[in-house]
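See below for entry-v4.cif, which holds mmCIF, C-alpha atoms and all ligand atoms.
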```
data_final
#
loop_
_atom_site.label_atom_id
_atom_site.label_comp_id
_atom_site.auth_asym_id
_atom_site.auth_seq_id
_atom_site.Cartn_x
_atom_site.Cartn_y
_atom_site.Cartn_z
CA MET A 983 0.00 0.00 0.00
CA ALA A 984 1.32 3.44 -0.94
CA ARG A 985 2.30 5.51 2.04
CA ARG A 986 1.82 9.26 1.69
CA LYS A 987 5.03 11.12 2.42
CA PHE A 988 4.90 13.19 5.59
CA VAL A 989 7.28 16.09 6.24
CA ALA A 990 7.14 17.72 9.67
CA GLY A 991 9.13 20.63 11.04
CA ASN A 992 10.29 20.52 14.63
CA TRP A 993 10.85 24.14 15.61
CA LYS A 994 12.20 23.12 19.04
CA LEU A 995 12.76 26.08 21.41
CA ASN A 996 12.75 28.70 18.65
CA LEU A 997 10.52 31.49 17.34
CA THR A 998 8.16 33.86 19.09
CA ILE A 999 4.44 33.77 18.39
CA ALA A 1000 4.84 36.52 15.78
CA GLU A 1001 7.82 34.79 14.16
CA GLY A 1002 6.08 31.42 14.07
CA THR A 1003 2.93 32.93 12.61
CA ALA A 1004 4.93 34.70 9.91
CA LEU A 1005 6.83 31.51 9.11
CA VAL A 1006 3.70 29.41 8.68
CA GLN A 1007 2.10 32.12 6.55
CA GLY A 1008 5.20 32.20 4.37
CA LEU A 1009 5.15 28.43 4.08
CA ALA A 1010 1.44 28.45 3.20
CA LYS A 1011 2.19 30.88 0.40
CA ALA A 1012 5.09 28.75 -0.85
CA LEU A 1013 2.87 25.66 -0.89
CA ALA A 1014 0.09 27.55 -2.68
CA ASP A 1015 2.62 28.54 -5.36
CA LYS A 1016 4.05 25.03 -5.54
CA PRO A 1017 1.51 22.48 -4.26
CA THR A 1018 2.73 19.21 -2.80
CA THR A 1019 1.23 15.75 -2.52
CA ALA A 1020 3.01 15.30 0.82
CA GLU A 1021 1.41 15.75 4.21
CA VAL A 1022 3.02 18.75 5.94
CA ALA A 1023 3.12 19.85 9.56
CA VAL A 1024 4.98 22.28 11.79
CA CYS A 1025 5.55 21.82 15.51
CA PRO A 1026 5.99 25.18 17.26
CA VAL A 1027 6.58 25.81 20.95
CA ALA A 1028 3.37 25.12 22.84
CA LEU A 1029 2.80 28.82 23.54
CA ALA A 1030 2.64 29.57 19.81
CA LEU A 1031 0.60 26.51 18.87
CA ASN A 1032 -2.79 28.20 18.83
CA ALA A 1033 -1.66 31.26 16.89
CA VAL A 1034 0.23 29.14 14.37
CA ALA A 1035 -2.77 26.82 13.97
CA GLN A 1036 -5.02 29.84 13.33
CA ALA A 1037 -2.55 31.23 10.81
CA ALA A 1038 -2.33 27.84 9.05
CA LYS A 1039 -6.11 27.56 8.61
CA GLY A 1040 -7.11 27.13 4.98
CA SER A 1041 -3.62 25.86 4.10
CA PRO A 1042 -2.52 22.21 3.86
CA ILE A 1043 -0.22 22.69 6.87
CA GLY A 1044 -1.08 20.83 10.05
CA VAL A 1045 0.23 21.78 13.46
CA GLY A 1046 1.75 19.59 16.14
CA ALA A 1047 3.07 19.84 19.68
CA GLN A 1048 6.60 18.83 20.70
CA ASN A 1049 5.51 16.89 23.77
CA ILE A 1050 2.57 16.19 26.09
CA HIS A 1051 2.13 14.87 29.58
CA TRP A 1052 0.28 11.59 30.05
CA GLU A 1053 -2.11 12.84 32.72
CA GLU A 1054 -5.30 14.54 31.67
CA LYS A 1055 -5.44 17.12 34.46
CA GLY A 1056 -4.52 17.73 38.08
CA ALA A 1057 -1.57 18.75 40.20
CA PHE A 1058 1.16 18.51 37.54
CA THR A 1059 2.67 21.98 37.54
CA GLY A 1060 4.10 23.05 34.22
CA GLU A 1061 2.68 20.20 32.17
CA LEU A 1062 0.31 20.21 29.19
CA SER A 1063 -2.19 17.47 28.43
CA ALA A 1064 -3.08 15.92 25.09
CA THR A 1065 -6.58 17.39 25.34
CA LEU A 1066 -5.26 20.92 25.90
CA ILE A 1067 -2.86 20.60 23.00
CA LYS A 1068 -5.67 19.37 20.79
CA ASP A 1069 -7.93 22.16 21.97
CA ALA A 1070 -5.20 24.65 21.00
CA GLY A 1071 -5.28 23.34 17.43
CA ALA A 1072 -2.78 20.49 17.32
CA THR A 1073 -3.31 17.44 15.14
CA TYR A 1074 0.07 15.83 15.83
CA VAL A 1075 2.46 15.39 18.73
CA ILE A 1076 6.15 14.50 18.73
CA LEU A 1077 6.97 11.96 21.43
CA GLY A 1078 10.31 10.77 22.79
CA HIS A 1079 12.53 13.12 20.81
CA SER A 1080 16.18 12.37 21.60
CA GLU A 1081 16.61 15.82 23.16
CA ARG A 1082 13.87 14.94 25.63
CA ARG A 1083 15.51 11.59 26.29
CA GLN A 1084 18.94 13.22 26.70
CA TYR A 1085 18.06 16.34 28.73
CA PHE A 1086 14.73 15.60 30.40
CA GLY A 1087 14.91 11.97 31.47
CA GLU A 1088 12.48 10.63 28.89
CA THR A 1089 12.42 6.83 28.75
CA ASP A 1090 10.63 4.24 26.65
CA ALA A 1091 8.23 3.79 29.56
CA THR A 1092 7.29 7.48 29.68
CA VAL A 1093 7.02 7.62 25.89
CA ASN A 1094 4.62 4.69 26.18
CA LYS A 1095 2.44 6.60 28.68
CA ARG A 1096 2.46 9.75 26.56
CA LEU A 1097 1.53 7.66 23.53
CA GLY A 1098 -1.51 6.36 25.39
CA ALA A 1099 -2.64 9.90 26.15
CA ALA A 1100 -2.05 11.04 22.56
CA LEU A 1101 -4.05 8.16 21.09
CA LYS A 1102 -6.87 8.67 23.58
CA ALA A 1103 -7.14 12.33 22.58
CA GLY A 1104 -6.99 11.51 18.87
CA LEU A 1105 -3.63 13.18 18.24
CA VAL A 1106 -1.39 11.65 15.57
CA PRO A 1107 1.74 10.52 17.43
CA ILE A 1108 5.21 10.89 15.94
CA VAL A 1109 7.30 8.54 18.05
CA CYS A 1110 11.03 9.26 17.81
CA ILE A 1111 13.68 6.58 18.06
CA GLY A 1112 17.38 6.59 17.31
CA GLU A 1113 20.79 5.39 18.40
CA THR A 1114 23.85 7.31 19.57
CA LEU A 1115 27.09 7.08 17.65
CA ALA A 1116 28.62 4.89 20.37
CA GLU A 1117 25.69 2.50 20.14
CA ARG A 1118 25.96 2.27 16.34
CA GLN A 1119 29.73 1.83 16.43
CA GLY A 1120 29.38 -0.72 19.24
CA GLY A 1121 27.14 -2.92 17.09
CA LYS A 1122 24.05 -2.17 19.18
CA LEU A 1123 21.95 -0.40 16.55
CA GLU A 1124 19.34 -3.13 16.13
CA GLN A 1125 19.09 -3.89 19.82
CA VAL A 1126 18.61 -0.20 20.70
CA LEU A 1127 15.97 0.47 18.06
CA SER A 1128 14.12 -2.73 18.78
CA THR A 1129 14.00 -1.96 22.50
CA GLN A 1130 12.82 1.61 21.87
CA ILE A 1131 10.07 0.51 19.47
CA LYS A 1132 8.81 -2.34 21.62
CA GLY A 1133 8.97 -0.23 24.78
CA ALA A 1134 7.10 2.69 23.26
CA LEU A 1135 4.38 0.56 21.69
CA ALA A 1136 3.93 -1.97 24.51
CA GLY A 1137 0.32 -2.77 25.33
CA PHE A 1138 -1.31 -1.18 22.28
CA THR A 1139 -3.13 -3.11 19.58
CA ALA A 1140 -2.55 -2.60 15.87
CA GLU A 1141 -6.05 -1.13 15.71
CA GLN A 1142 -5.07 1.52 18.29
CA LEU A 1143 -1.83 2.29 16.44
CA LYS A 1144 -3.42 2.93 13.05
CA THR A 1145 -2.32 6.57 12.96
CA LEU A 1146 1.18 5.99 14.34
CA VAL A 1147 4.13 7.72 12.68
CA VAL A 1148 7.68 6.71 13.64
CA ALA A 1149 10.62 9.08 13.22
CA TYR A 1150 14.00 7.38 12.94
CA GLU A 1151 16.51 9.98 14.04
CA PRO A 1152 20.09 8.85 14.59
CA VAL A 1153 21.20 10.98 17.54
CA TRP A 1154 24.58 11.63 15.90
CA ALA A 1155 22.85 13.25 12.92
CA ILE A 1156 20.57 15.66 14.79
CA GLY A 1157 21.70 19.25 14.51
CA THR A 1158 25.22 18.16 13.60
CA GLY A 1159 25.18 18.66 9.84
CA VAL A 1160 26.07 14.96 9.51
CA THR A 1161 23.39 12.93 7.76
CA ALA A 1162 23.04 9.18 7.54
CA THR A 1163 23.96 8.02 4.06
CA THR A 1164 21.07 7.11 1.85
CA ALA A 1165 22.02 3.46 2.20
CA GLN A 1166 22.21 3.70 6.01
CA ALA A 1167 18.81 5.39 6.12
CA GLN A 1168 17.12 2.81 3.88
CA GLU A 1169 18.72 -0.14 5.64
CA THR A 1170 17.77 1.15 9.07
CA HIS A 1171 14.23 2.07 8.02
CA ALA A 1172 13.76 -1.43 6.62
CA PHE A 1173 14.93 -2.82 9.96
CA VAL A 1174 12.53 -0.52 11.86
CA ARG A 1175 9.68 -1.73 9.66
CA SER A 1176 10.63 -5.35 10.37
CA VAL A 1177 10.41 -4.67 14.10
CA LEU A 1178 7.09 -2.89 13.60
CA ARG A 1179 5.89 -6.01 11.76
CA GLN A 1180 6.66 -8.09 14.83
CA VAL A 1181 4.58 -5.71 16.95
CA VAL A 1182 1.64 -4.76 14.72
CA GLY A 1183 1.76 -7.30 11.88
CA GLY A 1184 0.58 -6.10 8.48
CA LEU A 1185 -0.05 -2.56 9.73
CA ALA A 1186 3.75 -2.12 9.56
CA ASP A 1187 3.42 -1.66 5.81
CA GLU A 1188 1.13 1.33 6.35
CA ILE A 1189 3.05 3.09 9.14
CA ARG A 1190 5.04 6.08 7.92
CA ILE A 1191 8.67 6.09 9.03
CA GLN A 1192 10.21 9.55 8.80
CA TYR A 1193 13.94 10.13 8.68
CA GLY A 1194 15.36 12.90 10.85
CA GLY A 1195 18.87 14.25 11.24
CA SER A 1196 20.27 17.24 9.36
CA VAL A 1197 17.82 16.94 6.47
CA LYS A 1198 18.50 19.89 4.16
CA PRO A 1199 17.32 20.97 0.71
CA ASP A 1200 20.36 19.42 -0.91
CA ASN A 1201 20.02 15.94 0.61
CA ALA A 1202 16.24 15.65 1.08
CA LYS A 1203 15.31 14.36 -2.34
CA GLU A 1204 17.74 11.46 -2.31
CA ILE A 1205 16.92 10.34 1.23
CA LEU A 1206 13.19 10.70 0.63
CA SER A 1207 13.36 8.62 -2.53
CA GLN A 1208 14.24 5.49 -0.58
CA PRO A 1209 11.43 2.91 -0.48
CA ASP A 1210 11.16 2.74 3.32
CA VAL A 1211 11.70 6.46 3.97
CA ASP A 1212 8.22 7.92 4.14
CA GLY A 1213 9.04 11.50 5.01
CA ALA A 1214 11.24 13.61 7.21
CA LEU A 1215 11.27 15.21 10.63
CA VAL A 1216 13.22 18.40 10.09
CA GLY A 1217 14.76 20.58 12.78
CA GLY A 1218 17.04 23.45 11.78
CA ALA A 1219 16.01 23.60 8.13
CA SER A 1220 12.33 23.95 9.06
CA LEU A 1221 13.01 27.42 10.47
CA LYS A 1222 13.40 28.99 7.02
CA VAL A 1223 10.53 29.05 4.53
CA ALA A 1224 12.74 28.56 1.49
CA ASP A 1225 14.64 25.60 2.97
CA PHE A 1226 11.59 23.85 4.36
CA ALA A 1227 9.63 24.39 1.15
CA ALA A 1228 12.53 22.95 -0.85
CA ILE A 1229 12.62 19.87 1.39
CA ILE A 1230 8.86 19.43 0.96
CA ALA A 1231 9.32 19.71 -2.81
CA GLY A 1232 11.88 16.91 -2.54
CA ALA A 1233 9.19 14.67 -1.08
C1 LIG A 1301 15.14 17.08 14.94
O1 LIG A 1301 15.25 17.84 15.86
O2 LIG A 1301 14.22 16.27 14.94
C2 LIG A 1301 16.12 17.17 13.85
C3 LIG A 1301 16.14 16.21 12.97
O3 LIG A 1301 16.94 18.27 13.82
P1 LIG A 1301 17.93 18.71 12.63
O4 LIG A 1301 17.15 18.59 11.34
O5 LIG A 1301 18.31 20.12 12.93
O6 LIG A 1301 19.08 17.77 12.64
#
```
As a first step, turn the structure in this file into structure tokens.
Ligand code: PEP
Amino acid sequence: MARRKFVAGNWKLNLTIAEGTALVQGLAKALADKPTTAEVAVCPVALALNAVAQAAKGSPIGVGAQNIHWEEKGAFTGELSATLIKDAGATYVILGHSERRQYFGETDATVNKRLGAALKAGLVPIVCIGETLAERQGGKLEQVLSTQIKGALAGFTAEQLKTLVVAYEPVWAIGTGVTATTAQAQETHAFVRSVLRQVVGGLADEIRIQYGGSVKPDNAKEILSQPDVDGALVGGASLKVADFAAIIAGA
């Protein structure tokens, strides 16, 4: 079954409300001038989510959050629930990004809880996985990815995971300017799909697996042309209309 390419921008801790709004308006104009068959989303800081979602209305650009808490409400100071994020205009949510794993103690178990909350609220989850350079060089790539996938998806049925998107992001390629080679990306994506097949059976052929890690206009087309690469999760290059639009065109 053909999987529709999906390109999402992770704005991380960047852009004010005004800057984010202007960026999405610029992107909407670029996509109106050069329409794409790909699904497109941007993930601003939570504070800008509502304004960016309003500004994206009428365009093909969806909006996502960069994280959610698993609890619905209560005494959880500083957290945001899936329902609140959805109410603010989000369709998607990034879960388990390596920066959250590295700096904020995210684990496969907490990703799993957040995934439950996202699915319950009807958000499309983008679950991030990826190995460090030491893990890849130490021959642990498959073990690490398999553990992350199985840990994140534990306890959910294929039926529940119908909307799941997985982002394979080698940690050594995020924000470093170093990209996995096309062959490394395809080989690893095929492995990720094989693990997904163990977990959700035939649904694995429908789950989009995005590549993330220094995707730029000049490398996007080649990476995105690989059979198991179904899109991209883009950090730095999603902060400029021209670059992000060029990456989308490469999809
Ligand atoms: C990311 O943060 O998901 C990412 C892939 O960042 P960059 O494109 O900047 O490497």
Using only C-alpha atoms, find all polymer residues with an atom at most 8 Å away from the point (-9.6, 17.2, 29.2); report them as a ChimeraX atom specification. /A:1054-1055,1063-1066
For a quick check of understanding, using all atoms listed in the file, which of A:Asn1049, A:Ser1128, A:Gln1084, A:Gln1142 has the smallest distance to A:Ile1067? A:Asn1049
Spatial neighbours of A:Gln1192, max dist 7 Å, all atoms listed in the file, sep filter under 6 positions, as a VMD selection string: chain A and resid 1148 to 1150 1211 to 1215
Please indicate the distance in Å from atom CA of A:Ile1050 to atom CA of A:Ala1091, rounded to one decimal place.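 Answer for the atom CA of A:Ile1050 to atom CA of A:Ala1091 separation: 14.1 Å.
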Enumerate residues in contact with ligand LIG 1301 (chain A): an atom-to-atom distance of at most 6 Å, counting only C-alpha atoms and all ligand atoms. Format the result as number ranges by chain. A: 992, 1155-1157, 1194-1197, 1215-1218
Would you kindly identify which residues have an atom no farther than 7 Å from (8.9, 26.7, 22.3), using all atoms listed in the file and the file's own coordinates, and write them out as a list in words? Lys994, Leu995, Asn996, Pro1026, Val1027, Ala1028 and Leu1029 of chain A
Quick one: write out the picked residues with C-alpha atoms as a short mmCIF file (atom, residue, chain, number, x, y, z; two decimals), in the frame of the given file?
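Output file again-v7.cif is given in full below:
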```
data_model
loop_
_atom_site.label_atom_id
_atom_site.label_comp_id
_atom_site.auth_asym_id
_atom_site.auth_seq_id
_atom_site.Cartn_x
_atom_site.Cartn_y
_atom_site.Cartn_z
CA LYS A 994 12.20 23.12 19.04
CA LEU A 995 12.76 26.08 21.41
CA ASN A 996 12.75 28.70 18.65
CA PRO A 1026 5.99 25.18 17.26
CA VAL A 1027 6.58 25.81 20.95
CA ALA A 1028 3.37 25.12 22.84
CA LEU A 1029 2.80 28.82 23.54
#
```
